[in-house]
>>> print(open('run22.csv').read())   # CSV, C-alpha atoms
chain,number,residue,atom,x,y,z
N,1,MET,CA,12.1,-19.9,-11.4
N,2,GLU,CA,10.2,-16.7,-11.7
N,3,ALA,CA,9.0,-15.2,-8.4
N,4,GLY,CA,5.3,-15.1,-7.9
N,5,PRO,CA,3.5,-11.7,-7.3
N,6,ALA,CA,3.6,-12.0,-3.6
N,7,ARG,CA,7.2,-13.1,-3.3
N,8,SER,CA,8.4,-10.5,-5.7
N,9,ARG,CA,6.9,-7.7,-3.5
N,10,ARG,CA,9.0,-8.7,-0.4
N,11,THR,CA,11.5,-5.9,-1.0
N,12,GLY,CA,10.2,-3.1,1.1
N,13,GLY,CA,12.1,-1.9,4.2
N,14,ALA,CA,9.1,-2.2,6.4
N,15,TRP,CA,8.7,-5.9,5.6
N,16,ARG,CA,12.4,-6.5,6.3
N,17,GLU,CA,12.1,-4.7,9.6
N,18,LEU,CA,9.1,-6.9,10.5
N,19,ASP,CA,11.1,-10.0,9.7
N,20,ALA,CA,14.0,-8.9,11.8
N,21,ALA,CA,11.9,-8.0,14.8
N,22,LEU,CA,10.0,-11.3,14.8
N,23,ALA,CA,13.2,-13.3,14.3
N,24,ALA,CA,15.0,-11.4,17.2
N,25,LEU,CA,12.2,-11.8,19.8
N,26,PRO,CA,9.7,-14.5,18.7
N,27,ASP,CA,8.5,-15.0,22.2
N,28,ARG,CA,7.5,-11.3,22.6
N,29,PHE,CA,6.2,-10.2,19.2
N,30,ILE,CA,3.5,-11.6,16.8
N,31,GLY,CA,3.3,-10.2,13.3
N,32,PHE,CA,0.7,-8.4,11.3
N,33,LEU,CA,1.6,-7.6,7.7
N,34,SER,CA,0.4,-4.5,5.7
N,35,VAL,CA,-0.4,-5.8,2.3
N,36,PRO,CA,-0.6,-3.6,-0.8
N,37,LEU,CA,-3.9,-2.0,-1.7
N,38,GLY,CA,-5.4,-1.5,-5.2
N,39,LEU,CA,-4.6,-5.1,-6.4
N,40,GLY,CA,-7.1,-7.6,-7.8
N,41,LEU,CA,-8.7,-10.3,-5.8
N,42,GLN,CA,-6.4,-13.1,-7.0
N,43,GLU,CA,-3.2,-11.2,-6.4
N,44,THR,CA,-4.3,-10.0,-3.0
N,45,ALA,CA,-5.3,-13.6,-2.1
N,46,GLU,CA,-1.9,-14.9,-3.1
N,47,ILE,CA,-0.1,-12.3,-1.0
N,48,VAL,CA,-2.3,-13.1,2.1
N,49,GLU,CA,-1.9,-16.8,1.6
N,50,GLN,CA,1.9,-16.7,1.0
N,51,GLU,CA,3.1,-13.8,3.1
N,52,VAL,CA,0.6,-13.8,6.0
N,53,VAL,CA,-0.6,-17.3,6.6
N,54,GLY,CA,2.4,-19.0,5.0
N,55,ARG,CA,4.8,-17.2,7.3
N,56,GLY,CA,2.7,-17.8,10.4
N,57,LEU,CA,1.7,-14.2,10.9
N,58,HIS,CA,-1.5,-13.4,12.9
N,59,GLY,CA,-3.2,-10.7,10.9
N,60,ILE,CA,-3.2,-8.0,8.3
N,61,GLY,CA,-2.4,-4.3,8.8
N,62,GLU,CA,-2.1,-1.6,9.4
N,63,LEU,CA,-3.7,-0.6,6.1
N,64,THR,CA,-3.9,3.1,5.1
N,65,PRO,CA,-6.2,3.7,2.2
N,66,PRO,CA,-6.1,7.2,0.6
N,67,PRO,CA,-8.7,9.8,1.5
N,68,GLY,CA,-12.1,8.6,0.3
N,69,GLY,CA,-10.6,5.2,-0.7
N,70,ALA,CA,-11.6,2.9,2.1
N,71,GLY,CA,-13.3,0.6,-0.4
N,72,LEU,CA,-9.9,-0.5,-1.6
N,73,ILE,CA,-9.6,-2.8,1.4
N,74,GLU,CA,-12.4,-5.1,0.2
N,75,PRO,CA,-10.1,-7.6,-1.6
N,76,VAL,CA,-8.1,-7.8,1.6
N,77,LEU,CA,-11.2,-8.5,3.6
N,78,GLN,CA,-12.2,-11.2,1.1
N,79,ALA,CA,-8.8,-12.8,1.4
N,80,ALA,CA,-8.9,-12.6,5.2
N,81,ALA,CA,-12.3,-14.3,5.2
N,82,ASP,CA,-11.1,-17.0,2.9
N,83,GLN,CA,-8.1,-17.7,5.2
N,84,GLY,CA,-10.3,-18.2,8.3
N,85,ARG,CA,-11.2,-14.9,10.0
N,86,LEU,CA,-7.8,-13.1,10.0
N,87,PRO,CA,-8.1,-9.8,11.8
N,88,VAL,CA,-7.6,-6.7,9.7
N,89,VAL,CA,-6.4,-3.4,11.1
N,90,VAL,CA,-7.2,-0.1,9.2
N,91,HIS,CA,-5.7,3.3,10.0
N,92,GLY,CA,-8.3,5.4,11.8
N,93,SER,CA,-6.8,8.8,11.9
N,94,ALA,CA,-6.0,11.3,9.1
N,95,PRO,CA,-6.1,10.8,6.1
N,96,THR,CA,-9.2,8.7,7.0
N,97,ARG,CA,-12.4,10.7,6.6
N,98,THR,CA,-15.9,10.3,8.0
N,99,GLU,CA,-17.1,8.7,4.8
N,100,ASP,CA,-14.2,6.3,5.0
N,101,LEU,CA,-15.3,5.2,8.5
N,102,ALA,CA,-18.9,4.6,7.1
N,103,THR,CA,-17.4,2.6,4.3
N,104,LEU,CA,-15.4,0.5,6.7
N,105,ALA,CA,-18.5,-0.2,8.7
N,106,ALA,CA,-20.5,-1.2,5.6
N,107,LEU,CA,-17.7,-3.6,4.5
N,108,ALA,CA,-17.4,-5.0,8.0
N,109,ARG,CA,-21.1,-5.9,7.8
N,110,ARG,CA,-20.6,-7.6,4.4
N,111,TYR,CA,-17.6,-9.6,5.7
N,112,HIS,CA,-19.1,-10.3,9.1
N,113,ASP,CA,-16.7,-13.1,10.0
N,114,VAL,CA,-13.6,-10.9,9.7
N,115,PRO,CA,-12.6,-8.8,12.8
N,116,LEU,CA,-12.0,-5.3,11.5
N,117,VAL,CA,-10.0,-3.0,13.8
N,118,VAL,CA,-10.1,0.8,13.4
N,119,SER,CA,-6.9,2.1,14.9
N,120,GLN,CA,-6.1,5.4,16.7
N,121,LEU,CA,-9.7,5.7,18.0
N,122,GLY,CA,-10.8,7.1,14.6
N,123,GLY,CA,-8.7,10.2,15.1
N,124,GLN,CA,-10.6,13.4,15.2
N,125,HIS,CA,-13.7,11.5,14.1
N,126,TRP,CA,-13.7,9.4,17.3
N,127,MET,CA,-17.3,9.9,18.2
N,128,GLN,CA,-18.5,8.6,14.8
N,129,ALA,CA,-15.9,5.7,14.9
N,130,LEU,CA,-17.2,4.7,18.4
N,131,GLU,CA,-20.8,4.7,17.2
N,132,LEU,CA,-20.1,2.7,14.1
N,133,VAL,CA,-18.0,0.1,16.0
N,134,ARG,CA,-20.6,-0.1,18.7
N,135,ASP,CA,-23.2,-0.9,16.1
N,136,THR,CA,-21.1,-3.4,14.1
N,137,PRO,CA,-20.4,-6.6,16.0
N,138,ASN,CA,-17.2,-7.6,14.2
N,139,MET,CA,-15.6,-4.1,14.4
N,140,TYR,CA,-13.0,-3.2,17.1
N,141,LEU,CA,-11.6,0.1,18.2
N,142,GLU,CA,-7.9,0.6,19.0
N,143,LEU,CA,-7.3,3.3,21.6
N,144,SER,CA,-4.0,5.0,20.8
N,145,THR,CA,-3.5,8.7,20.1
N,146,ALA,CA,-6.7,9.8,21.8
N,147,ASN,CA,-7.2,13.5,21.9
N,148,ILE,CA,-9.0,13.5,25.2
N,149,VAL,CA,-9.1,11.1,28.1
N,150,PHE,CA,-12.9,11.1,28.0
N,151,ALA,CA,-12.8,9.4,24.5
N,152,VAL,CA,-10.9,6.4,26.0
N,153,ARG,CA,-13.2,6.3,29.0
N,154,LEU,CA,-16.3,6.4,26.9
N,155,ALA,CA,-15.1,3.8,24.3
N,156,ILE,CA,-14.3,1.3,27.0
N,157,LYS,CA,-17.6,1.9,28.7
N,158,GLU,CA,-19.6,1.5,25.5
N,159,ILE,CA,-17.7,-1.4,24.0
N,160,PRO,CA,-15.6,-3.0,26.7
N,161,ASP,CA,-15.2,-6.3,24.9
N,162,ARG,CA,-14.1,-4.6,21.6
N,163,THR,CA,-11.6,-1.9,22.6
N,164,LEU,CA,-7.9,-2.7,22.3
N,165,PHE,CA,-4.9,-1.1,23.9
N,166,GLY,CA,-2.5,0.6,21.6
N,167,SER,CA,0.3,3.1,21.9
N,168,ASP,CA,1.2,4.1,18.3
N,169,ALA,CA,4.8,3.6,19.1
N,170,PRO,CA,7.3,4.9,18.2
N,171,TYR,CA,5.2,8.1,17.9
N,172,GLY,CA,3.4,7.4,21.1
N,173,ASP,CA,4.6,6.1,24.5
N,174,PRO,CA,3.5,2.6,25.5
N,175,VAL,CA,3.9,3.4,29.2
N,176,LEU,CA,1.7,6.5,29.0
N,177,ALA,CA,-0.9,4.7,26.9
N,178,ARG,CA,-1.2,1.9,29.4
N,179,ALA,CA,-1.4,4.4,32.3
N,180,LEU,CA,-4.3,6.1,30.5
N,181,VAL,CA,-6.2,2.8,30.2
N,182,GLU,CA,-5.5,2.1,33.9
N,183,ARG,CA,-6.7,5.6,34.8
N,184,VAL,CA,-10.1,5.1,33.3
N,185,THR,CA,-10.7,1.5,34.4
N,186,SER,CA,-10.7,-0.5,37.6
N,187,PRO,CA,-8.7,-3.6,38.1
N,188,GLY,CA,-10.5,-6.6,36.8
N,189,GLU,CA,-11.9,-8.3,33.7
N,190,VAL,CA,-12.6,-5.2,31.6
N,191,ARG,CA,-9.1,-3.8,32.1
N,192,ASP,CA,-7.5,-7.2,31.4
N,193,ARG,CA,-9.5,-7.5,28.2
N,194,VAL,CA,-8.5,-4.1,26.9
N,195,LEU,CA,-4.9,-4.5,27.8
N,196,GLY,CA,-4.5,-7.8,26.0
N,197,GLY,CA,-7.2,-10.4,26.5
N,198,THR,CA,-9.4,-9.4,23.5
N,199,ILE,CA,-6.5,-9.2,21.0
N,200,ALA,CA,-5.2,-12.5,22.3
N,201,GLU,CA,-8.6,-14.0,21.4
N,202,LEU,CA,-8.6,-12.4,18.0
N,203,VAL,CA,-5.2,-13.8,17.1
N,204,GLY,CA,-5.8,-17.3,18.6
N,205,LEU,CA,-3.7,-16.9,21.7
N,206,GLY,CA,-6.6,-16.6,24.2
>>> encode(input="run22.csv", output="structure tokens")
Amino acid sequence: MEAGPARSRRTGGAWRELDAALAALPDRFIGFLSVPLGLGLQETAEIVEQEVVGRGLHGIGELTPPPGGAGLIEPVLQAAADQGRLPVVVHGSAPTRTEDLATLAALARRYHDVPLVVSQLGGQHWMQALELVRDTPNMYLELSTANIVFAVRLAIKEIPDRTLFGSDAPYGDPVLARALVERVTSPGEVRDRVLGGTIAELVGLG
């Protein structure tokens, strides 16, 4: 039997590493899969159906479009919508540009049932990312690799229900990233949401 387009693509090392991690610690990890960009609607839909939903994964990402190419994620958003509101994570730091962040916000408004997460606090464009996420109800901001503590503090203040803890491990340190969130929040509901409650809701665990 000839392999379908999705199955034939399961040869990358990153996908194998994901499989191994989930198999080793299924009670500690949930999976997101980074699907290829630049494919047509049908092929993208097949990959999402077979490799994300079919394997019991919880979302799509992290996607990294080329500079100026954020529009390439649209077929993925369509597939995520068709599969029932799968969250999609898009790389927020370089090579993402300001125009890419604007494109992501426009796409999020078009696919308003799909949670769209901008990672790494939008990188050096964190102020624009924060404003766009704040004004787009189905967008979320992941807080890793912040350049300044104030950026994390302001993001949580402006959108406490749509900011997500992240460490960018292995490049970042999860302990330090958590300490930063704890430094700029008080014990209670907001901190709990940032450190896990909101993402748990997005992936159906809350």
>>> residues_around(input="run22.csv", residues="region 134-141 of chain N", least_positions_apart="2", cutoff="8 Å", atoms="all atoms listed in the file", output="list in words")
Ala105, Ala108, Arg109, His112, Asp113, Val114, Pro115, Leu116, Val117, Val118, Ser119, Gln120, Leu121, Gly122, Ala129, Leu130, Glu131, Leu132, Leu143, Ala155, Glu158, Ile159, Arg162, Thr163 and Leu164 of chain N
>>> atom_distance(input="run22.csv", atom1="CA of Gly188 (chain N)", atom2="CA of Val203 (chain N)")
21.6 Å
>>> residues_around(input="run22.csv", residues="region 52-68 of chain N", least_positions_apart="2", cutoff="8 Å", atoms="all atoms listed in the file", output="list of chain:residue names")
N:Ile30, N:Gly31, N:Phe32, N:Leu33, N:Ser34, N:Val35, N:Leu37, N:Ile47, N:Val48, N:Glu49, N:Gln50, N:Ala70, N:Leu72, N:Ile73, N:Ala80, N:Gln83, N:Leu86, N:Pro87, N:Val88, N:Val89, N:Val90, N:His91, N:Pro95, N:Thr96, N:Arg97, N:Glu99, N:Asp100, N:Val203
>>> atom_distance(input="run22.csv", atom1="CA of Val184 (chain N)", atom2="CA of Arg153 (chain N)")
5.4 Å
>>> residues_around(input="run22.csv", residues="Leu41 (chain N)", least_positions_apart="2", cutoff="10 Å", atoms="only C-alpha atoms", output="PyMOL selection string")
chain N and resi 38-39+43-46+74-79
>>> write_last_selection(input="run22.csv", atoms="C-alpha atoms", output="PDB file, in the frame of the given file")
ATOM      1  CA  GLY N  38      -5.400  -1.500  -5.200  1.00  0.00           C
ATOM      2  CA  LEU N  39      -4.600  -5.100  -6.400  1.00  0.00           C
ATOM      3  CA  GLU N  43      -3.200 -11.200  -6.400  1.00  0.00           C
ATOM      4  CA  THR N  44      -4.300 -10.000  -3.000  1.00  0.00           C
ATOM      5  CA  ALA N  45      -5.300 -13.600  -2.100  1.00  0.00           C
ATOM      6  CA  GLU N  46      -1.900 -14.900  -3.100  1.00  0.00           C
ATOM      7  CA  GLU N  74     -12.400  -5.100   0.200  1.00  0.00           C
ATOM      8  CA  PRO N  75     -10.100  -7.600  -1.600  1.00  0.00           C
ATOM      9  CA  VAL N  76      -8.100  -7.800   1.600  1.00  0.00           C
ATOM     10  CA  LEU N  77     -11.200  -8.500   3.600  1.00  0.00           C
ATOM     11  CA  GLN N  78     -12.200 -11.200   1.100  1.00  0.00           C
ATOM     12  CA  ALA N  79      -8.800 -12.800   1.400  1.00  0.00           C
TER      13      ALA N  79
END
>>> atom_distance(input="run22.csv", atom1="CA of Gly40 (chain N)", atom2="CA of Asp19 (chain N)")
25.4 Å
>>> closest_residue(input="run22.csv", among="N:Gln128, N:Ser93, N:Thr98, N:Thr185", to="Thr145 (chain N)", atoms="all atoms listed in the file")
N:Ser93
>>> closest_residue(input="run22.csv", among="N:Ala151, N:Leu25, N:Ala102, N:Ala169", to="Gln124 (chain N)", atoms="all atoms listed in the file")
N:Ala151
>>> closest_residue(input="run22.csv", among="N:Ala81, N:Leu195, N:Leu154, N:Met127", to="Arg110 (chain N)", atoms="all atoms listed in the file")
N:Ala81
>>> closest_residue(input="run22.csv", among="N:Arg16, N:Asn147, N:Arg183, N:Ile199", to="Phe165 (chain N)", atoms="all atoms listed in the file")
N:Ile199
>>> closest_residue(input="run22.csv", among="N:Pro26, N:Pro36, N:Gly71, N:Pro160", to="Thr198 (chain N)", atoms="all atoms listed in the file")
N:Pro160
